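Structure record follows, encoded as structure tokens.
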Amino acid sequence: MSTYSLRDLRTRLGAIVREVAATGDEVVITDSGTEIAVLISMADYERLHEHADIADALRLRRMREVPFETMSMSEMVEELGVDLATVLAS
């Protein structure tokens, strides 16, 4: 993994992007010594999104496994710790 400052990035953007595309290595971008961004290859980007989509699908599956329960408005207000008089007054 390489690290470049914003100043380096401004002067060498084309070469740095081609390096990332060719090698698949990540490039960390810094600003005044602080890491602020990362350049990754398109293949890595697509893999990240695929993993995120799978994680979302698994999370939704787990949520659907729990039976849906209803509650009355008073139960909901109590569960949320909301003062109904304050809400109605506003």
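By order in the structure tokens, chains are A, B, ...; within a chain, residues start at 1; ligands start at 1, following the order shown.
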
Discussion item. Run DSSP on the backbone and tell me which residues of chain A come out as helix (DSSP H, G or I); list them as a PyMOL selection string.
Written reply: chain A and resi 6-23+42-65+73-80+84-89

Show me, as a CSV table (one decimal) with C-alpha atoms, in the first residue's frame, the residues that have an atom within 9 Å of stretch 31-37 of chain A when counting only C-alpha atoms, minus same-chain residues fewer than 5 positions from it.
chain,number,residue,atom,x,y,z
A,3,THR,CA,0.7,6.7,0.6
A,4,TYR,CA,0.6,10.1,-1.2
A,5,SER,CA,-0.1,13.6,0.0
A,6,LEU,CA,-2.7,15.7,-1.7
A,7,ARG,CA,0.2,17.7,-3.2

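Within 12 Å of A:Ile40, once only C-alpha atoms are used and residues closer than 6 positions along the same chain are dropped, the contacting residues are Met1, Ser2, Ile16, Val17, Arg18, Glu19, Val20, Ala21, Ala22, Thr23, Gly24, Asp25, Glu26, Val27, Val28, Ile29, Glu46, Arg47 and Leu48 of chain A.
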
Write the residues of the preceding selection, restricted to C-alpha atoms, as a PDB file, in the first residue's frame.
ATOM      1  CA  MET A   1       0.000   0.000   0.000  1.00  0.00           C
ATOM      2  CA  SER A   2       1.364   3.378  -1.026  1.00  0.00           C
ATOM      3  CA  ILE A  16      -1.237   6.967  -9.365  1.00  0.00           C
ATOM      4  CA  VAL A  17      -4.642   5.914 -10.702  1.00  0.00           C
ATOM      5  CA  ARG A  18      -3.019   3.714 -13.350  1.00  0.00           C
ATOM      6  CA  GLU A  19      -0.842   2.144 -10.616  1.00  0.00           C
ATOM      7  CA  VAL A  20      -3.931   1.285  -8.566  1.00  0.00           C
ATOM      8  CA  ALA A  21      -5.728  -0.117 -11.616  1.00  0.00           C
ATOM      9  CA  ALA A  22      -2.749  -2.217 -12.698  1.00  0.00           C
ATOM     10  CA  THR A  23      -1.645  -3.593  -9.327  1.00  0.00           C
ATOM     11  CA  GLY A  24      -4.852  -3.594  -7.307  1.00  0.00           C
ATOM     12  CA  ASP A  25      -2.881  -2.039  -4.449  1.00  0.00           C
ATOM     13  CA  GLU A  26      -4.608   0.558  -2.325  1.00  0.00           C
ATOM     14  CA  VAL A  27      -3.291   4.102  -2.145  1.00  0.00           C
ATOM     15  CA  VAL A  28      -3.800   6.176   0.993  1.00  0.00           C
ATOM     16  CA  ILE A  29      -4.154   9.924   0.486  1.00  0.00           C
ATOM     17  CA  GLU A  46     -17.228  -3.886  -6.781  1.00  0.00           C
ATOM     18  CA  ARG A  47     -16.241  -6.596  -4.278  1.00  0.00           C
ATOM     19  CA  LEU A  48     -16.911  -4.227  -1.391  1.00  0.00           C
TER      20      LEU A  48
END
